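Quick look at data.cif (mmCIF, C-alpha atoms):
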data_coords
#
loop_
_atom_site.label_atom_id
_atom_site.label_comp_id
_atom_site.auth_asym_id
_atom_site.auth_seq_id
_atom_site.Cartn_x
_atom_site.Cartn_y
_atom_site.Cartn_z
CA MET A 1 -73.94 -47.69 -96.28
CA HIS A 2 -76.29 -44.76 -96.89
CA SER A 3 -76.76 -42.41 -93.97
CA SER A 4 -79.00 -39.53 -93.09
CA PHE A 5 -77.77 -36.12 -94.20
CA HIS A 6 -78.41 -34.92 -90.66
CA GLU A 7 -75.99 -37.34 -89.00
CA VAL A 8 -72.82 -35.78 -87.61
CA ASP A 9 -69.67 -36.63 -89.55
CA SER A 10 -66.88 -38.20 -87.52
CA ALA A 11 -63.17 -37.60 -88.08
CA ARG A 12 -63.18 -40.97 -89.83
CA ASP A 13 -65.82 -39.75 -92.29
CA LEU A 14 -63.94 -36.55 -93.06
CA ILE A 15 -60.61 -38.32 -93.50
CA ALA A 16 -62.24 -40.87 -95.78
CA ALA A 17 -63.95 -38.16 -97.84
CA ARG A 18 -60.68 -36.23 -98.10
CA ALA A 19 -59.09 -39.38 -99.57
CA LEU A 20 -61.57 -39.46 -102.47
CA PRO A 21 -60.21 -38.41 -105.88
CA GLY A 22 -60.83 -34.74 -106.59
CA VAL A 23 -61.57 -33.77 -102.99
CA GLY A 24 -59.11 -31.15 -101.75
CA ASP A 25 -59.15 -28.63 -98.93
CA VAL A 26 -60.98 -25.98 -100.97
CA SER A 27 -63.68 -28.26 -102.36
CA GLY A 28 -63.73 -30.22 -99.13
CA ARG A 29 -64.53 -27.10 -97.15
CA ALA A 30 -68.11 -27.47 -98.33
CA LEU A 31 -68.23 -30.71 -96.37
CA LEU A 32 -67.88 -28.71 -93.18
CA GLU A 33 -70.85 -26.48 -93.89
CA HIS A 34 -73.47 -29.18 -93.35
CA GLU A 35 -73.50 -32.01 -90.85
CA GLY A 36 -73.45 -35.37 -92.57
CA ALA A 37 -72.14 -33.99 -95.87
CA ALA A 38 -69.03 -36.19 -95.81
CA ARG A 39 -71.04 -39.35 -95.27
CA ALA A 40 -73.51 -38.26 -97.94
CA LEU A 41 -70.68 -37.70 -100.40
CA LEU A 42 -69.13 -41.09 -99.64
CA ALA A 43 -72.49 -42.75 -100.15
CA THR A 44 -72.58 -41.53 -103.77
CA TRP A 45 -69.45 -43.55 -104.59
CA PRO A 46 -69.42 -47.27 -105.47
CA ALA A 47 -69.00 -49.62 -102.53
CA PRO A 48 -65.38 -50.59 -103.41
CA ALA A 49 -64.35 -46.92 -103.47
CA GLN A 50 -66.05 -46.34 -100.13
CA ARG A 51 -64.24 -49.31 -98.59
CA THR A 52 -60.90 -48.06 -99.92
CA ALA A 53 -61.52 -44.57 -98.51
CA TYR A 54 -62.56 -45.86 -95.09
CA ASP A 55 -59.65 -48.33 -94.98
CA SER A 56 -57.30 -45.41 -95.61
CA ALA A 57 -58.97 -43.40 -92.85
CA ASP A 58 -58.78 -46.30 -90.41
CA ALA A 59 -55.08 -46.79 -91.14
CA SER A 60 -54.39 -43.09 -90.52
CA LEU A 61 -56.32 -43.08 -87.25
CA ALA A 62 -54.57 -46.23 -86.03
CA ALA A 63 -51.16 -44.80 -86.93
CA ALA A 64 -51.97 -41.60 -85.07
CA ARG A 65 -52.98 -43.53 -81.95
CA ALA A 66 -49.79 -45.58 -82.12
CA ILE A 67 -47.59 -42.48 -81.85
CA GLY A 68 -49.73 -40.64 -79.34
CA ALA A 69 -51.02 -38.07 -81.83
CA SER A 70 -54.41 -36.42 -81.81
CA VAL A 71 -56.60 -35.96 -84.88
CA LEU A 72 -58.49 -32.70 -85.31
CA THR A 73 -61.11 -31.74 -87.83
CA ALA A 74 -61.89 -28.13 -88.68
CA ARG A 75 -65.10 -28.49 -86.66
CA ASP A 76 -63.29 -29.38 -83.43
CA ALA A 77 -63.14 -26.82 -80.62
CA HIS A 78 -59.36 -27.33 -80.26
CA TYR A 79 -58.66 -26.75 -83.96
CA PRO A 80 -56.36 -23.67 -84.16
CA PRO A 81 -58.86 -20.90 -84.93
CA ARG A 82 -56.40 -18.83 -86.97
CA LEU A 83 -56.20 -21.57 -89.58
CA ARG A 84 -59.84 -20.92 -90.42
CA ASP A 85 -58.68 -17.66 -92.04
CA LEU A 86 -57.23 -19.76 -94.86
CA HIS A 87 -59.49 -20.30 -97.85
CA ASP A 88 -57.92 -23.76 -98.09
CA ALA A 89 -57.66 -24.51 -94.38
CA PRO A 90 -56.84 -28.18 -93.67
CA ILE A 91 -59.99 -30.21 -93.13
CA VAL A 92 -58.00 -32.56 -90.89
CA LEU A 93 -54.92 -31.93 -88.76
CA TYR A 94 -52.66 -34.39 -86.99
CA ALA A 95 -51.03 -33.03 -83.84
CA ARG A 96 -48.55 -34.22 -81.26
CA GLY A 97 -47.97 -32.08 -78.21
CA ALA A 98 -49.89 -29.38 -76.36
CA LEU A 99 -52.37 -27.66 -78.69
CA ALA A 100 -52.43 -24.59 -76.44
CA ILE A 101 -48.89 -23.83 -77.63
CA ALA A 102 -50.36 -22.74 -80.98
CA GLU A 103 -52.27 -19.93 -79.31
CA PRO A 104 -51.16 -16.32 -79.87
CA PRO A 105 -48.96 -14.40 -79.56
CA ALA A 106 -46.86 -16.20 -82.13
CA VAL A 107 -44.07 -15.30 -84.53
CA ALA A 108 -43.02 -17.36 -87.55
CA ILE A 109 -39.24 -17.40 -88.05
CA VAL A 110 -38.32 -18.80 -91.45
CA GLY A 111 -35.50 -18.79 -93.96
CA THR A 112 -33.16 -20.72 -96.19
CA ARG A 113 -31.86 -24.21 -95.50
CA ASN A 114 -28.41 -23.06 -96.66
CA ALA A 115 -28.09 -20.35 -94.05
CA SER A 116 -25.00 -18.29 -93.34
CA SER A 117 -23.52 -18.16 -89.84
CA TYR A 118 -24.98 -14.65 -89.59
CA GLY A 119 -28.46 -15.93 -90.46
CA ILE A 120 -28.24 -18.75 -87.92
CA ARG A 121 -27.03 -16.36 -85.23
CA VAL A 122 -29.80 -13.86 -85.87
CA ALA A 123 -32.49 -16.55 -86.06
CA ARG A 124 -31.38 -17.84 -82.67
CA ALA A 125 -31.33 -14.36 -81.16
CA ILE A 126 -34.84 -13.52 -82.40
CA ALA A 127 -36.24 -16.89 -81.30
CA THR A 128 -34.64 -16.54 -77.87
CA SER A 129 -36.06 -13.05 -77.46
CA CYS A 130 -39.54 -14.24 -78.44
CA ALA A 131 -39.41 -17.34 -76.26
CA ARG A 132 -38.38 -15.42 -73.17
CA ALA A 133 -41.22 -12.98 -73.74
CA GLY A 134 -43.78 -15.79 -73.89
CA VAL A 135 -44.20 -15.61 -77.66
CA THR A 136 -44.58 -18.91 -79.53
CA VAL A 137 -41.96 -19.53 -82.22
CA VAL A 138 -43.44 -21.18 -85.33
CA SER A 139 -41.35 -22.69 -88.12
CA GLY A 140 -41.07 -25.64 -90.47
CA LEU A 141 -38.35 -27.87 -88.92
CA ALA A 142 -36.15 -27.61 -92.02
CA GLN A 143 -32.40 -27.44 -91.61
CA GLY A 144 -30.87 -23.98 -91.47
CA ILE A 145 -32.95 -21.08 -90.17
CA ASP A 146 -35.96 -23.20 -89.15
CA GLY A 147 -33.96 -25.61 -87.03
CA ALA A 148 -32.00 -22.79 -85.39
CA ALA A 149 -35.23 -21.03 -84.40
CA HIS A 150 -36.78 -24.17 -82.88
CA GLU A 151 -33.60 -25.07 -81.00
CA ALA A 152 -33.19 -21.58 -79.55
CA ALA A 153 -36.82 -21.41 -78.43
CA LEU A 154 -36.49 -24.72 -76.60
CA ALA A 155 -33.15 -23.73 -75.08
CA ALA A 156 -34.80 -20.59 -73.68
CA GLY A 157 -37.58 -22.65 -72.12
CA GLY A 158 -40.14 -21.24 -74.52
CA ARG A 159 -42.91 -22.48 -76.79
CA THR A 160 -42.40 -23.68 -80.33
CA VAL A 161 -44.58 -25.18 -83.07
CA ALA A 162 -43.12 -27.16 -85.96
CA VAL A 163 -45.36 -27.51 -89.02
CA LEU A 164 -44.25 -30.55 -91.00
CA GLY A 165 -44.29 -31.25 -94.71
CA THR A 166 -44.54 -34.97 -93.89
CA GLY A 167 -46.65 -37.12 -91.63
CA LEU A 168 -45.84 -37.27 -87.92
CA GLY A 169 -44.39 -40.74 -88.31
CA VAL A 170 -41.77 -39.55 -90.81
CA VAL A 171 -38.61 -37.62 -89.91
CA PHE A 172 -37.30 -35.08 -92.41
CA PRO A 173 -34.56 -34.06 -92.49
CA SER A 174 -33.13 -37.11 -90.77
CA ARG A 175 -30.64 -34.99 -88.84
CA HIS A 176 -33.57 -33.44 -86.99
CA ARG A 177 -34.81 -36.72 -85.55
CA ALA A 178 -33.92 -35.73 -81.98
CA LEU A 179 -35.24 -32.20 -82.48
CA GLN A 180 -38.56 -33.44 -83.86
CA GLU A 181 -38.93 -35.83 -80.94
CA ARG A 182 -38.16 -33.08 -78.45
CA ILE A 183 -40.69 -30.70 -80.00
CA GLY A 184 -43.30 -33.47 -79.88
CA ASN A 185 -42.61 -33.87 -76.15
CA GLU A 186 -42.10 -30.23 -75.15
CA GLY A 187 -43.77 -28.24 -77.91
CA LEU A 188 -46.22 -28.98 -80.72
CA LEU A 189 -45.91 -30.81 -84.03
CA LEU A 190 -48.61 -30.14 -86.62
CA THR A 191 -49.26 -31.54 -90.09
CA GLU A 192 -52.18 -32.06 -92.46
CA LEU A 193 -50.67 -35.31 -93.75
CA PRO A 194 -51.46 -38.80 -92.39
CA PRO A 195 -48.75 -40.16 -90.05
CA ALA A 196 -47.09 -42.52 -92.51
CA GLN A 197 -47.04 -40.17 -95.49
CA SER A 198 -43.67 -39.00 -96.78
CA GLY A 199 -43.31 -35.51 -98.12
CA HIS A 200 -42.88 -34.57 -101.75
CA GLY A 201 -42.25 -31.43 -103.76
CA GLY A 202 -45.73 -30.10 -103.17
CA THR A 203 -46.25 -30.81 -99.48
CA PHE A 204 -43.49 -28.54 -98.18
CA PRO A 205 -44.69 -25.36 -99.94
CA ARG A 206 -48.25 -26.23 -98.89
CA ARG A 207 -47.37 -26.41 -95.19
CA ASN A 208 -46.06 -22.83 -95.37
CA ARG A 209 -49.60 -21.44 -95.45
CA ILE A 210 -50.19 -23.06 -92.05
CA ILE A 211 -47.02 -21.47 -90.65
CA ALA A 212 -48.12 -18.04 -91.87
CA ALA A 213 -51.68 -18.43 -90.58
CA LEU A 214 -50.58 -19.37 -87.06
CA ALA A 215 -48.38 -16.29 -86.64
CA ASP A 216 -49.01 -12.64 -85.84
CA ILE A 217 -45.80 -11.78 -87.68
CA THR A 218 -43.70 -13.71 -90.19
CA VAL A 219 -39.98 -12.93 -89.92
CA VAL A 220 -37.85 -13.91 -92.91
CA VAL A 221 -34.28 -14.05 -91.64
CA GLU A 222 -32.47 -15.03 -94.84
CA ALA A 223 -33.94 -16.34 -98.10
CA GLY A 224 -32.69 -16.69 -101.64
CA VAL A 225 -34.79 -16.42 -104.76
CA GLY A 226 -37.21 -19.33 -104.87
CA SER A 227 -36.91 -20.09 -101.16
CA GLY A 228 -39.93 -21.60 -99.45
CA ALA A 229 -39.66 -18.83 -96.87
CA LEU A 230 -40.85 -16.40 -99.55
CA ILE A 231 -43.95 -18.55 -100.02
CA THR A 232 -44.61 -18.22 -96.30
CA ALA A 233 -44.25 -14.45 -96.60
CA ASP A 234 -46.64 -14.35 -99.57
CA ASN A 235 -49.18 -16.36 -97.59
CA ALA A 236 -48.85 -13.99 -94.65
CA HIS A 237 -49.32 -11.04 -97.01
CA THR A 238 -52.48 -12.61 -98.44
CA LEU A 239 -53.78 -13.04 -94.88
CA ASP A 240 -52.98 -9.37 -94.17
CA ARG A 241 -50.48 -10.38 -91.48
CA ARG A 242 -47.29 -8.44 -90.84
CA ILE A 243 -44.05 -9.48 -92.54
CA ALA A 244 -40.58 -8.50 -91.35
CA VAL A 245 -37.16 -9.13 -92.84
CA VAL A 246 -33.64 -9.12 -91.44
CA PRO A 247 -31.57 -7.07 -93.94
CA HIS A 248 -28.50 -8.78 -95.33
CA ALA A 249 -25.56 -7.90 -97.56
CA ILE A 250 -26.70 -7.27 -101.13
CA ASP A 251 -24.12 -9.63 -102.65
CA VAL A 252 -25.14 -12.73 -100.68
CA PRO A 253 -27.22 -15.08 -102.89
CA SER A 254 -28.98 -16.66 -99.91
CA ALA A 255 -30.49 -13.27 -99.03
CA VAL A 256 -31.51 -11.86 -102.41
CA GLY A 257 -35.12 -12.95 -101.99
CA SER A 258 -35.53 -11.67 -98.44
CA ASN A 259 -33.86 -8.33 -99.25
CA ARG A 260 -36.27 -7.93 -102.14
CA LEU A 261 -39.21 -8.23 -99.76
CA LEU A 262 -38.01 -5.03 -98.11
CA LYS A 263 -38.70 -3.21 -101.38
CA GLU A 264 -42.15 -4.73 -101.67
CA TYR A 265 -44.02 -4.90 -98.36
CA ALA A 266 -41.83 -6.10 -95.48
CA GLU A 267 -40.66 -4.15 -92.45
CA PRO A 268 -36.96 -4.21 -91.50
CA ILE A 269 -35.72 -5.93 -88.35
CA LEU A 270 -32.66 -4.13 -87.04
CA SER A 271 -32.61 -5.83 -83.64
CA PRO A 272 -34.20 -8.95 -82.12
CA ASP A 273 -36.17 -6.61 -79.89
CA ASP A 274 -37.84 -5.02 -82.94
CA VAL A 275 -40.04 -8.12 -83.25
CA LEU A 276 -41.28 -7.68 -79.70
CA GLU A 277 -41.96 -4.00 -80.32
CA MET A 278 -44.15 -5.01 -83.26
CA LEU A 279 -46.14 -7.06 -80.75
CA SER A 280 -46.36 -4.13 -78.29
CA LEU A 281 -43.99 -5.68 -75.78
CA ARG A 282 -41.75 -3.61 -73.56
CA ALA A 283 -38.33 -4.24 -72.03
CA GLU A 284 -37.43 -4.80 -68.40
CA PRO A 285 -33.87 -5.20 -67.11
CA LEU A 286 -32.55 -8.74 -67.07
CA PRO A 287 -31.55 -10.14 -63.67
CA ALA A 288 -27.97 -11.25 -63.30
CA PRO A 289 -27.82 -14.69 -64.99
CA LEU A 290 -26.22 -17.88 -63.72
CA LEU A 291 -23.10 -18.29 -65.87
CA ASP A 292 -19.85 -20.22 -65.92
CA ALA A 293 -16.68 -18.41 -64.82
CA ASP A 294 -15.59 -16.98 -68.20
CA ALA A 295 -19.10 -15.95 -69.22
CA ALA A 296 -19.67 -14.37 -65.80
CA ALA A 297 -16.43 -12.41 -66.15
CA CYS A 298 -17.54 -11.15 -69.57
CA TRP A 299 -20.99 -10.27 -68.20
CA ASP A 300 -19.34 -8.22 -65.45
CA ALA A 301 -17.13 -6.56 -68.06
CA LEU A 302 -20.24 -5.59 -70.00
CA GLN A 303 -21.73 -3.99 -66.89
CA ASN A 304 -18.46 -2.08 -66.46
CA GLY A 305 -18.51 -0.53 -69.89
CA ALA A 306 -17.17 -3.15 -72.32
CA ARG A 307 -18.70 -2.54 -75.73
CA ASP A 308 -16.58 -4.70 -78.06
CA ILE A 309 -14.58 -7.89 -77.86
CA THR A 310 -11.28 -6.08 -77.24
CA SER A 311 -12.55 -4.09 -74.27
CA MET A 312 -14.40 -7.14 -72.98
CA ALA A 313 -11.20 -9.18 -73.01
CA ARG A 314 -9.29 -6.39 -71.29
CA LEU A 315 -11.85 -5.80 -68.53
CA SER A 316 -12.47 -9.51 -67.93
CA GLY A 317 -8.81 -10.47 -67.86
CA LEU A 318 -9.40 -13.13 -70.54
CA THR A 319 -7.67 -13.66 -73.84
CA VAL A 320 -9.56 -12.40 -76.87
CA ARG A 321 -10.20 -16.00 -77.92
CA ALA A 322 -11.61 -16.99 -74.51
CA ALA A 323 -13.72 -13.83 -74.40
CA ALA A 324 -15.10 -14.57 -77.87
CA THR A 325 -16.12 -18.07 -76.76
CA ALA A 326 -17.81 -16.70 -73.65
CA LEU A 327 -19.51 -14.00 -75.71
CA SER A 328 -20.98 -16.64 -78.00
CA ALA A 329 -22.47 -18.36 -74.93
CA LEU A 330 -23.98 -15.08 -73.74
CA GLU A 331 -25.46 -14.45 -77.16
CA LEU A 332 -26.89 -17.94 -77.42
CA GLU A 333 -28.56 -17.36 -74.05
CA GLY A 334 -30.11 -14.21 -75.52
CA LEU A 335 -28.35 -11.93 -73.03
CA VAL A 336 -26.38 -9.87 -75.53
CA HIS A 337 -26.59 -8.97 -79.19
CA VAL A 338 -23.53 -8.45 -81.39
CA GLU A 339 -24.06 -5.87 -84.11
CA ILE A 340 -22.63 -6.25 -87.60
CA ASP A 341 -19.81 -3.81 -86.74
CA GLY A 342 -18.84 -5.88 -83.67
CA ALA A 343 -20.49 -3.64 -81.07
CA ILE A 344 -21.92 -5.59 -78.12
CA ARG A 345 -25.30 -4.60 -76.72
CA GLN A 346 -27.03 -5.95 -73.63
CA ARG A 347 -30.57 -7.09 -74.21
CA GLY A 348 -33.67 -6.86 -72.04
CA ARG A 349 -36.54 -9.16 -71.19
CA ARG A 350 -39.92 -7.94 -72.37
CA HIS A 351 -43.51 -8.17 -71.28
CA ARG A 352 -46.72 -7.08 -72.93
CA ASP A 353 -47.54 -3.42 -72.50
CA GLU A 354 -50.29 -2.71 -70.03
CA ASP A 355 -52.32 0.37 -69.22
CA HIS A 356 -50.59 2.52 -66.63
#

Whole structure given in structure tokens:
Amino acid sequence: MHSSFHEVDSARDLIAARALPGVGDVSGRALLEHEGAARALLATWPAPAQRTAYDSADASLAAARAIGASVLTARDAHYPPRLRDLHDAPIVLYARGALAIAEPPAVAIVGTRNASSYGIRVARAIATSCARAGVTVVSGLAQGIDGAAHEAALAAGGRTVAVLGTGLGVVFPSRHRALQERIGNEGLLLTELPPAQSGHGGTFPRRNRIIAALADITVVVEAGVGSGALITADNAHTLDRRIAVVPHAIDVPSAVGSNRLLKEYAEPILSPDDVLEMLSLRAEPLPAPLLDADAAACWDALQNGARDITSMARLSGLTVRAAATALSALELEGLVHVEIDGAIRQRGRRHRDEDH
């Protein structure tokens, strides 16, 4: 089973070497520096250990094929180049979907699983704004802020990447089964874990470095002390990437951690459009959207000067309750933004600044 040091390692070799005891992404990075290093390392182990490692690799490759996933090594041309900025970049990645979706510009939108209605609303608004501007939305598929960001990006017809803390063949949380399937079909699922591997306490924090590395900017919408979103922000800070935070009330436990980032190194997000400005994108007027009757009436009221729910109801001829329902639809579509004080503001579509 000995091989020449000059032979090119296959994905099978690298996966097998990664399965050896004591070989992690940091130590395993040395295997990428010389062709044939993985095979040479495997050849130093007893035959039973080699067979076990290759059997594990074969099972992972077969499982990936069965679900239509691709397997990338850090040497592959399609491996996301930004991940190479990590000192512990994954040696092997499993992907399902279009790899081009991971290309910049990209914004990570992360936060607590136990999100407030405000946090969910803001996450959706930011994701919608990014998606409509052609910016990829990256998150971790967790419930709460992550799920809201993915859903809004898809609803806006945009690009989204979900980085999993499990293998591609495992769904977590179970309530996101349909969402995970949709992202696999319309977006991109990424993980460093073999398809059949379940997540554990260490795999979810570890995947956060991948989220941070893929993004130009990491936006923490709402995060309590100890939230995994703060780990993502720390990883982004280590990579010298920009970090932004949506300010929240100071007496809300689910936002203590994210508010604290504002004191340390994060920039405040006071509007969904602030994220696009950080990416040097500019606004253009939105065309009149296709809306149902109530939403269209509220849209017309906005054009005629409505600036809060009361004036919107009056100008549209709807009850306050009906106007509020229609306003929620407009906001979900990313057409308006409701400020904390209830003021309603029309939003604009943005494109990357160009020389004039």

Can you list, as a count of residues only, every protein, DNA or RNA residue that comes within 8 Å of Trp299 (chain A) when you count all atoms listed in the file, leaving out same-chain residues fewer than 4 positions away? 3

Give me the residues within 9 Å of Phe204 (chain A) as a list in words, counting all atoms listed in the file and dropping any in the same chain fewer than 4 places off.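 Once the nearby chain positions are removed, what remains is Gly140, Leu164, Gly165, Thr166, Gly199, His200, Asn208 and Gly228 of chain A.
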
Expected answer as a PyMOL selection string: all residues with atoms within 8 Å of (-38.3, -15.9, -79.9), all atoms listed in the file: chain A and resi 107+124-133+135-137+149+152-153+158

Save the residues we just selected, C-alpha atoms, as a tab-separated table (two decimals), in the coordinates of the input?
chain	number	residue	atom	x	y	z
A	107	VAL	CA	-44.07	-15.30	-84.53
A	124	ARG	CA	-31.38	-17.84	-82.67
A	125	ALA	CA	-31.33	-14.36	-81.16
A	126	ILE	CA	-34.84	-13.52	-82.40
A	127	ALA	CA	-36.24	-16.89	-81.30
A	128	THR	CA	-34.64	-16.54	-77.87
A	129	SER	CA	-36.06	-13.05	-77.46
A	130	CYS	CA	-39.54	-14.24	-78.44
A	131	ALA	CA	-39.41	-17.34	-76.26
A	132	ARG	CA	-38.38	-15.42	-73.17
A	133	ALA	CA	-41.22	-12.98	-73.74
A	135	VAL	CA	-44.20	-15.61	-77.66
A	136	THR	CA	-44.58	-18.91	-79.53
A	137	VAL	CA	-41.96	-19.53	-82.22
A	149	ALA	CA	-35.23	-21.03	-84.40
A	152	ALA	CA	-33.19	-21.58	-79.55
A	153	ALA	CA	-36.82	-21.41	-78.43
A	158	GLY	CA	-40.14	-21.24	-74.52

What is the CA of Ala266 (chain A) to CA of Ala249 (chain A) distance in Å? 16.5 Å

Give me, as a PyMOL selection string, all polymer residues having an atom no more than 10 Å from Gly226 (chain A), counting all atoms listed in the file and skipping those fewer than 3 positions away in the same chain. chain A and resi 112+223+229-231+254+256-257

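Across A:Ala89, A:Ser139, A:Ile210, A:Ala47, the tightest approach to Ser27 (chain A) is made by A:Ala89 when counting only C-alpha atoms.
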
Each residue of region 99-179 of chain A with at least one atom at most 10 Å from region 51-63 of chain A should appear once, together with its nearest atom pair and the corresponding distance in Å (one decimal); atoms considered: all atoms listed in the file; ordering: chain, then increasing residue number; output as a tab-separated table.
residue	atom	partner	partner_atom	distance
A:Gly167	CA	A:Ser60	CA	9.8
A:Leu168	CA	A:Ala63	CA	9.3
A:Gly169	CA	A:Ala63	CA	8.0

Just to be explicit: take each residue in the selection above, keep C-alpha atoms, and write the result as an mmCIF file, in the coordinates of the input.
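New file out-v2.cif:
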data_model
loop_
_atom_site.group_PDB
_atom_site.id
_atom_site.type_symbol
_atom_site.label_atom_id
_atom_site.label_comp_id
_atom_site.auth_asym_id
_atom_site.auth_seq_id
_atom_site.Cartn_x
_atom_site.Cartn_y
_atom_site.Cartn_z
ATOM 1 C CA GLY A 167 -46.650 -37.120 -91.630
ATOM 2 C CA LEU A 168 -45.840 -37.270 -87.920
ATOM 3 C CA GLY A 169 -44.390 -40.740 -88.310
#

Which is closer to Pro90 (chain A) than all the others in A:Ala255, A:Leu72, A:Ala66, A:Val275, using only C-alpha atoms?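 Residue with the minimum atom-to-atom distance to Pro90 (chain A): A:Leu72.
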
What's around Ile109 (chain A) at 10 Å? Count all atoms listed in the file, leave out sequence neighbours fewer than 5 positions away in its own chain, and write the answer as a list in words. Ala123, Arg124, Ile126, Ala127, Val137, Val138, Ser139, Gly140, Ile145, Asp146, Gly147, Ala148, Ala149, His150, Ile211, Ala212, Ala215, Ile217, Thr218, Val219, Val220, Val221, Glu222, Ala229, Thr232, Ala244 and Val245 of chain A

Once the PyMOL selection byres ((chain A and resi 78) around 12) has been applied to the shown file, what residues remain in the selection, as a PyMOL selection string? chain A and resi 70-77+79-83+92-95+98-103

For the residues in that selection, give me C-alpha atoms as a PDB file, in the frame of the given file.
ATOM      1  CA  SER A  70     -54.410 -36.420 -81.810  1.00  0.00           C
ATOM      2  CA  VAL A  71     -56.600 -35.960 -84.880  1.00  0.00           C
ATOM      3  CA  LEU A  72     -58.490 -32.700 -85.310  1.00  0.00           C
ATOM      4  CA  THR A  73     -61.110 -31.740 -87.830  1.00  0.00           C
ATOM      5  CA  ALA A  74     -61.890 -28.130 -88.680  1.00  0.00           C
ATOM      6  CA  ARG A  75     -65.100 -28.490 -86.660  1.00  0.00           C
ATOM      7  CA  ASP A  76     -63.290 -29.380 -83.430  1.00  0.00           C
ATOM      8  CA  ALA A  77     -63.140 -26.820 -80.620  1.00  0.00           C
ATOM      9  CA  TYR A  79     -58.660 -26.750 -83.960  1.00  0.00           C
ATOM     10  CA  PRO A  80     -56.360 -23.670 -84.160  1.00  0.00           C
ATOM     11  CA  PRO A  81     -58.860 -20.900 -84.930  1.00  0.00           C
ATOM     12  CA  ARG A  82     -56.400 -18.830 -86.970  1.00  0.00           C
ATOM     13  CA  LEU A  83     -56.200 -21.570 -89.580  1.00  0.00           C
ATOM     14  CA  VAL A  92     -58.000 -32.560 -90.890  1.00  0.00           C
ATOM     15  CA  LEU A  93     -54.920 -31.930 -88.760  1.00  0.00           C
ATOM     16  CA  TYR A  94     -52.660 -34.390 -86.990  1.00  0.00           C
ATOM     17  CA  ALA A  95     -51.030 -33.030 -83.840  1.00  0.00           C
ATOM     18  CA  ALA A  98     -49.890 -29.380 -76.360  1.00  0.00           C
ATOM     19  CA  LEU A  99     -52.370 -27.660 -78.690  1.00  0.00           C
ATOM     20  CA  ALA A 100     -52.430 -24.590 -76.440  1.00  0.00           C
ATOM     21  CA  ILE A 101     -48.890 -23.830 -77.630  1.00  0.00           C
ATOM     22  CA  ALA A 102     -50.360 -22.740 -80.980  1.00  0.00           C
ATOM     23  CA  GLU A 103     -52.270 -19.930 -79.310  1.00  0.00           C
TER      24      GLU A 103
END

Provide an axis-aligned box for all listed atoms of region 133-138 of chain A, padding each side by 4 Å; report its centre and its edge lengths in Å to one decimal, as JSON.
{"center_x": -42.9, "center_y": -17.1, "center_z": -79.5, "size_x": 11.4, "size_y": 16.2, "size_z": 19.6}

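Taking all atoms listed in the file into account, Gly144 (chain A) lies nearest to A:Asn114 out of the set A:Asn114, A:Val170, A:Ala213, A:Ala162.
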
State, in Å with one decimal place, the distance from CA of Leu239 (chain A) to CA of Gly24 (chain A). 20.1 Å

Measure the distance from CA of Gly317 (chain A) to CA of His337 (chain A) in Å and round it to one decimal. 21.1 Å

Between A:Thr191, A:Ser316, A:Gln143, A:Ser174, which has the minimum distance to Ala69 (chain A) (counting only C-alpha atoms)?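 Once distances to Ala69 (chain A) are computed over only C-alpha atoms, the minimum belongs to A:Thr191.
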
Among listed residues A:Thr44, A:Ser117, A:Ser198, A:Asn235, nearest Leu86 (chain A) (using all atoms listed in the file): A:Asn235

Counting all atoms listed in the file, find residues at most 12 Å from (-18.7, -7.3, -77.8) (file frame) and give them as a VMD selection string. chain A and resid 298 to 299 301 to 303 305 to 316 320 323 to 328 330 to 331 335 to 346
